[in-house]
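Data file: coords_32.csv. Format and content: CSV, C-alpha atoms.
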```csv
chain,number,residue,atom,x,y,z
D,29,MET,CA,123.7,81.7,48.2
D,30,GLU,CA,126.1,82.8,45.5
D,31,ILE,CA,128.7,85.5,46.3
D,32,THR,CA,129.8,87.7,43.4
D,33,LYS,CA,133.3,89.2,43.0
D,34,ARG,CA,131.8,92.7,43.6
D,35,GLU,CA,130.4,91.5,46.9
D,36,VAL,CA,133.8,90.1,47.9
D,37,ILE,CA,135.4,93.5,47.0
D,38,VAL,CA,132.8,95.4,49.0
D,39,SER,CA,133.1,92.9,51.9
D,40,ILE,CA,136.9,93.5,52.0
D,41,ALA,CA,136.2,97.3,52.1
D,42,ILE,CA,133.8,96.8,55.0
D,43,VAL,CA,136.3,94.8,56.9
D,44,ALA,CA,139.1,97.4,56.3
D,45,ILE,CA,136.9,100.3,57.4
D,46,LEU,CA,135.6,98.6,60.5
D,47,LEU,CA,139.2,97.5,61.4
D,48,ALA,CA,140.4,101.1,61.1
D,49,VAL,CA,137.6,102.3,63.3
D,50,GLY,CA,138.4,99.4,65.7
D,51,PHE,CA,142.0,100.4,66.0
D,52,PHE,CA,141.0,104.0,66.8
D,53,ILE,CA,138.6,102.9,69.5
D,54,SER,CA,141.1,100.4,70.9
D,55,ASP,CA,143.7,103.2,71.2
D,56,LYS,CA,141.2,105.2,73.2
D,57,ILE,CA,140.5,102.2,75.5
D,58,THR,CA,144.3,101.7,76.0
D,59,ASP,CA,144.7,105.3,76.9
D,60,TRP,CA,141.9,105.0,79.4
D,61,GLU,CA,143.3,101.8,80.9
D,62,ASN,CA,146.8,103.4,81.2
D,63,ASP,CA,145.3,106.4,83.0
D,64,GLN,CA,143.6,104.0,85.4
D,65,ASN,CA,146.7,101.9,86.0
D,66,ALA,CA,149.1,104.9,86.3
D,67,GLU,CA,148.3,105.5,90.0
D,68,TYR,CA,149.2,101.9,90.9
D,69,GLN,CA,152.3,101.7,88.6
D,70,LYS,CA,153.8,104.9,90.2
D,71,ALA,CA,153.3,103.6,93.7
D,72,ILE,CA,156.5,102.6,95.6
D,73,HIS,CA,157.0,99.1,96.9
D,74,ILE,CA,158.0,98.6,100.6
D,75,ASP,CA,158.8,95.4,102.4
D,76,ASP,CA,160.7,96.8,105.4
D,77,THR,CA,159.3,98.0,108.7
D,78,GLU,CA,161.7,100.9,109.1
D,79,LEU,CA,161.1,102.1,105.5
D,80,PHE,CA,157.3,101.9,106.1
D,81,GLN,CA,157.6,104.0,109.2
D,82,TYR,CA,159.8,106.5,107.4
D,83,GLY,CA,157.3,106.7,104.5
D,84,ILE,CA,154.5,107.5,107.0
D,85,ARG,CA,156.5,110.3,108.6
D,86,THR,CA,157.6,111.8,105.2
D,87,ASN,CA,154.3,111.6,103.3
D,88,VAL,CA,155.7,109.6,100.4
D,89,GLY,CA,152.2,109.0,99.0
D,90,ASN,CA,150.8,105.8,97.3
D,91,ALA,CA,152.6,102.6,98.2
D,92,PHE,CA,152.3,98.8,98.1
D,93,VAL,CA,153.5,97.6,101.5
D,94,TYR,CA,154.2,94.0,102.3
D,95,GLY,CA,154.2,92.7,105.8
D,96,ASP,CA,152.4,91.0,108.7
D,97,LEU,CA,148.9,91.9,109.7
D,98,LYS,CA,147.8,91.0,113.2
D,99,ALA,CA,144.9,91.7,115.5
D,100,VAL,CA,146.2,93.5,118.6
D,101,ASP,CA,143.0,92.5,120.6
D,102,PRO,CA,141.7,89.4,118.8
D,103,VAL,CA,138.0,88.3,119.3
D,104,THR,CA,136.1,85.1,119.3
D,105,PHE,CA,133.0,83.3,120.6
D,106,LYS,CA,133.5,80.9,123.5
D,107,GLU,CA,131.8,78.1,121.7
D,108,ILE,CA,134.5,78.0,119.0
D,109,GLY,CA,137.6,79.3,120.7
D,110,GLY,CA,140.5,80.5,118.6
D,111,ALA,CA,141.5,84.1,117.8
D,112,TYR,CA,140.1,86.3,115.0
D,113,MET,CA,140.3,89.8,113.6
D,114,TRP,CA,136.6,89.6,112.8
D,115,VAL,CA,134.0,86.9,113.6
D,116,GLU,CA,130.3,86.4,113.1
D,117,LYS,CA,127.8,84.1,114.6
D,118,THR,CA,124.6,83.6,112.6
D,119,GLU,CA,121.5,81.8,114.0
D,120,GLU,CA,119.5,79.8,111.4
D,121,HIS,CA,116.2,78.0,111.8
D,122,TYR,CA,115.1,74.9,109.8
D,123,ASN,CA,111.7,75.9,108.5
D,124,ARG,CA,109.0,74.2,106.5
D,125,HIS,CA,107.8,76.1,103.4
D,126,THR,CA,105.3,75.6,100.7
D,127,ARG,CA,105.3,76.8,97.1
D,128,THR,CA,103.0,76.5,94.1
D,129,VAL,CA,104.6,74.7,91.1
D,130,THR,CA,103.3,74.0,87.6
D,131,ARG,CA,103.3,70.4,86.5
D,132,THR,CA,102.2,68.5,83.4
D,133,ARG,CA,100.4,65.1,83.0
D,134,THR,CA,99.1,63.0,80.2
D,135,VAL,CA,95.4,62.0,80.3
D,136,ASN,CA,93.9,60.0,77.4
D,137,GLY,CA,96.8,61.0,75.2
D,138,LYS,CA,96.5,64.7,75.9
D,139,THR,CA,99.0,66.8,77.9
D,140,GLN,CA,97.4,68.8,80.7
D,141,THR,CA,98.9,71.5,82.9
D,142,TYR,CA,98.0,71.9,86.5
D,143,THR,CA,99.3,73.5,89.7
D,144,ASP,CA,100.4,71.7,92.8
D,145,THR,CA,101.6,72.6,96.3
D,146,GLU,CA,105.1,71.5,97.0
D,147,VAL,CA,106.6,71.3,100.5
D,148,TYR,CA,110.3,72.0,101.1
D,149,TYR,CA,112.6,72.8,104.1
D,150,SER,CA,115.5,75.2,104.4
D,151,TRP,CA,117.8,76.8,106.9
D,152,ASP,CA,116.8,80.4,107.2
D,153,TYR,CA,118.5,83.4,108.7
D,154,TYR,CA,117.1,84.4,112.1
D,155,ASP,CA,119.7,86.6,113.8
D,156,SER,CA,123.5,87.4,113.9
D,157,TRP,CA,126.2,88.8,116.1
D,158,LYS,CA,129.5,90.3,115.0
D,159,LYS,CA,132.7,91.2,116.8
D,160,HIS,CA,136.0,92.7,115.5
D,161,SER,CA,139.2,93.8,117.1
D,162,LYS,CA,139.6,97.5,117.8
D,163,LYS,CA,143.3,97.7,116.8
D,164,LEU,CA,145.4,96.1,114.1
D,165,ASN,CA,149.1,95.9,113.8
D,166,PHE,CA,150.6,96.1,110.3
D,167,CYS,CA,154.3,95.9,109.6
D,168,GLY,CA,155.1,96.9,113.2
D,169,VAL,CA,152.7,99.9,113.4
D,170,GLU,CA,149.4,99.9,115.2
D,171,PHE,CA,146.3,101.3,113.5
D,172,ASP,CA,142.5,101.5,114.2
D,173,TYR,CA,140.5,98.7,112.7
D,174,LYS,CA,138.9,100.9,110.1
D,175,LYS,CA,142.3,101.7,108.5
D,176,ILE,CA,142.6,98.4,106.7
D,177,ASP,CA,140.0,96.7,104.7
D,178,ILE,CA,140.6,93.1,105.8
D,179,PRO,CA,139.9,90.2,103.4
D,180,GLY,CA,136.6,88.2,103.2
D,181,SER,CA,135.7,85.8,106.0
D,182,GLU,CA,135.9,82.0,105.9
D,183,HIS,CA,133.6,79.4,107.4
D,184,ILE,CA,134.8,78.3,110.8
D,185,ASP,CA,132.2,75.9,112.2
D,186,THR,CA,128.5,75.0,112.2
D,187,GLN,CA,126.9,73.9,115.5
D,188,LYS,CA,123.4,72.7,116.3
D,189,GLU,CA,121.7,73.2,119.7
D,190,GLY,CA,121.0,69.5,119.8
D,191,LEU,CA,120.9,66.4,117.7
D,192,LEU,CA,117.3,66.9,116.6
D,193,SER,CA,117.2,70.7,117.0
D,194,ASN,CA,115.9,72.9,114.2
D,195,VAL,CA,118.3,75.7,115.3
D,196,ARG,CA,121.9,75.9,114.3
D,197,TYR,CA,124.7,78.5,114.5
D,198,VAL,CA,127.1,79.2,111.7
D,199,TYR,CA,130.5,80.8,112.5
D,200,ARG,CA,132.6,82.8,110.0
D,201,GLY,CA,135.7,84.8,110.6
D,202,VAL,CA,139.0,86.2,109.6
D,203,LYS,CA,142.1,84.8,111.3
D,204,ALA,CA,144.1,87.0,113.6
D,205,ASP,CA,147.4,86.7,111.9
D,206,MET,CA,148.3,86.8,108.2
D,207,LYS,CA,150.8,88.0,105.6
D,208,GLY,CA,150.1,90.2,102.6
D,209,THR,CA,150.3,93.6,100.9
D,210,VAL,CA,148.4,96.7,101.7
D,211,TYR,CA,147.8,99.3,99.0
D,212,THR,CA,147.5,102.7,100.7
D,213,LYS,CA,148.6,106.3,100.8
D,214,LEU,CA,151.3,107.1,103.4
D,215,GLY,CA,151.0,110.5,104.9
D,216,ASN,CA,150.0,112.6,107.9
D,217,GLY,CA,151.5,110.1,110.2
D,218,SER,CA,149.3,107.2,109.2
D,219,ILE,CA,147.7,105.4,106.2
D,220,SER,CA,144.5,106.1,104.4
D,221,ASP,CA,141.2,104.7,105.7
D,222,ASN,CA,140.0,101.4,104.3
D,223,SER,CA,143.3,100.6,102.7
D,224,LYS,CA,142.9,97.3,100.7
D,225,PHE,CA,144.7,94.3,102.0
D,226,TYR,CA,145.8,91.6,99.5
D,227,GLN,CA,146.2,88.4,101.5
D,228,ASN,CA,149.2,86.2,100.7
D,229,MET,CA,150.4,88.5,97.9
D,230,THR,CA,153.7,90.2,97.4
D,231,ALA,CA,153.8,93.9,96.3
D,232,GLU,CA,154.4,92.8,92.7
D,233,GLU,CA,151.5,90.3,92.8
D,234,ALA,CA,149.2,93.0,94.3
D,235,LEU,CA,150.2,95.4,91.5
D,236,ARG,CA,149.2,92.9,88.9
D,237,SER,CA,145.9,92.3,90.6
D,238,CYS,CA,145.2,96.1,90.5
D,239,THR,CA,146.1,96.7,86.9
D,240,THR,CA,144.3,95.4,83.9
D,241,GLU,CA,144.2,95.5,80.1
D,242,ILE,CA,141.2,93.2,79.9
D,243,TRP,CA,138.8,95.8,78.4
D,244,LYS,CA,140.9,96.1,75.3
D,245,TYR,CA,140.7,92.4,74.7
D,246,ILE,CA,137.0,92.3,75.4
D,247,PHE,CA,136.5,95.1,72.9
D,248,TRP,CA,138.3,93.2,70.1
D,249,VAL,CA,136.4,90.0,70.7
D,250,VAL,CA,133.1,91.9,70.4
D,251,TRP,CA,134.3,94.0,67.5
D,252,ILE,CA,135.5,91.1,65.5
D,253,LEU,CA,132.2,89.3,66.0
D,254,LEU,CA,130.5,92.6,64.8
D,255,ILE,CA,132.7,92.7,61.7
D,256,CYS,CA,131.9,89.0,60.9
D,257,GLY,CA,128.2,89.7,61.4
D,258,ALA,CA,128.3,92.8,59.2
D,259,VAL,CA,130.0,90.9,56.3
D,260,VAL,CA,127.7,87.9,56.6
D,261,GLY,CA,124.7,90.2,56.7
D,262,PHE,CA,125.8,92.1,53.7
D,263,CYS,CA,126.4,88.9,51.7
D,264,TYR,CA,122.9,87.6,52.5
D,265,LEU,CA,121.4,90.7,50.9
D,266,GLU,CA,120.5,90.6,47.2
D,267,ASN,CA,122.8,93.7,46.5
D,268,ARG,CA,121.4,94.2,43.0
D,269,TRP,CA,122.8,97.7,43.1
D,270,LEU,CA,126.3,96.2,42.5
D,271,GLU,CA,125.3,94.8,39.2
```

Starting from the coordinates I provided, produce the structure as structure tokens.
Amino acid sequence: MEITKREVIVSIAIVAILLAVGFFISDKITDWENDQNAEYQKAIHIDDTELFQYGIRTNVGNAFVYGDLKAVDPVTFKEIGGAYMWVEKTEEHYNRHTRTVTRTRTVNGKTQTYTDTEVYYSWDYYDSWKKHSKKLNFCGVEFDYKKIDIPGSEHIDTQKEGLLSNVRYVYRGVKADMKGTVYTKLGNGSISDNSKFYQNMTAEEALRSCTTEIWKYIFWVVWILLICGAVVGFCYLENRWLE
């Protein structure tokens, strides 16, 4: 493929036009991201119990609050002991299954396709039981459980009914005491429902987790690939109209 000087000139024009359009779109994406991030960037940072309680009384609004989160009335299952904010016991049964699979074989030099029945075993959900504390204490103030969206659970233990049993119990839970930051709205003598808890993060780390500029970078990666594709596609055309 031979590229003429005129095709090079037109290709440069295509790149310039698409880059101009790209900067316009990128500015719009940046404005949108800034609007989304503004709420978090304007929130105050609190790491003191007295200041937290003062903020609740005076309706200071959005805040990142760092402190200790504890279950006032921790829960557990007697088989595992310990203390948790939330705990789940899942019963699983080891079952036999069959499935139809497609296989190939060679007979007299010819490849044949046939179906076969395959047997496999898996641990399958049967039933589950959940418990959670009714009250949580965060930064020295007691709240209903629903006020804070606690982090995801972790595996605690797996126990079988017996050595050869096909029944087992899987335990998952959230420990009863941890440090981290809550993003919430302080007002009306409390915090907002389902306030997100960022485990083991300071207020500054939680802020960085909430804000993002990734969409702008994703756009430019896609847009540059589009520009390259447009130029290559143009050059592959005969473009006799340029002669």

Shell of 9 Å around Phe80 in chain D, all atoms listed in the file, local chain residues under 4 positions omitted, as a PyMOL selection string
chain D and resi 74-76+84-85+93+167-169+214

For Glu241 in chain D: contacts at 12 Å, all atoms listed in the file, fewer than 2 positions along chain excluded, given as number ranges by chain
D: 54-55, 57-65, 236-239, 243-248

Neighbour residues at most 9 Å from (120.2, 82.7, 111.3) (all atoms listed in the file) as a ChimeraX atom specification
/D:117-121,151-156,195-198

With all atoms listed in the file as the counted atoms, please give the residues lying no more than 9 Å from Thr212 in chain D, apart from itself and same-chain residues fewer than 6 positions off, as a ChimeraX atom specification.
/D:89-93,176,219-225

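The closest residue to Asp144 in chain D, picked from D:Asn87, D:Thr126, D:Ser161, D:Ser218 and counting only C-alpha atoms, is D:Thr126.
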
Computed interatomic separation between CA of Ala99 in chain D and CA of Pro179 in chain D (Å)
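About the pair CA of Ala99 in chain D and CA of Pro179 in chain D: they are 13.2 Å apart.
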
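The space separating CA of Leu97 in chain D from CA of Ala204 in chain D comes to 7.9 Å.
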
Rows by chain and residue number, range 180-269 of chain D within 7 Å of range 33-47 of chain D, shortest pair, all atoms listed in the file, as a tab-separated table:
```
residue	atom	partner	partner_atom	distance
D:Ile255	CA	D:Val43	CA	6.4
D:Val259	CA	D:Ser39	CA	5.7
D:Cys263	CA	D:Glu35	CA	6.8
```
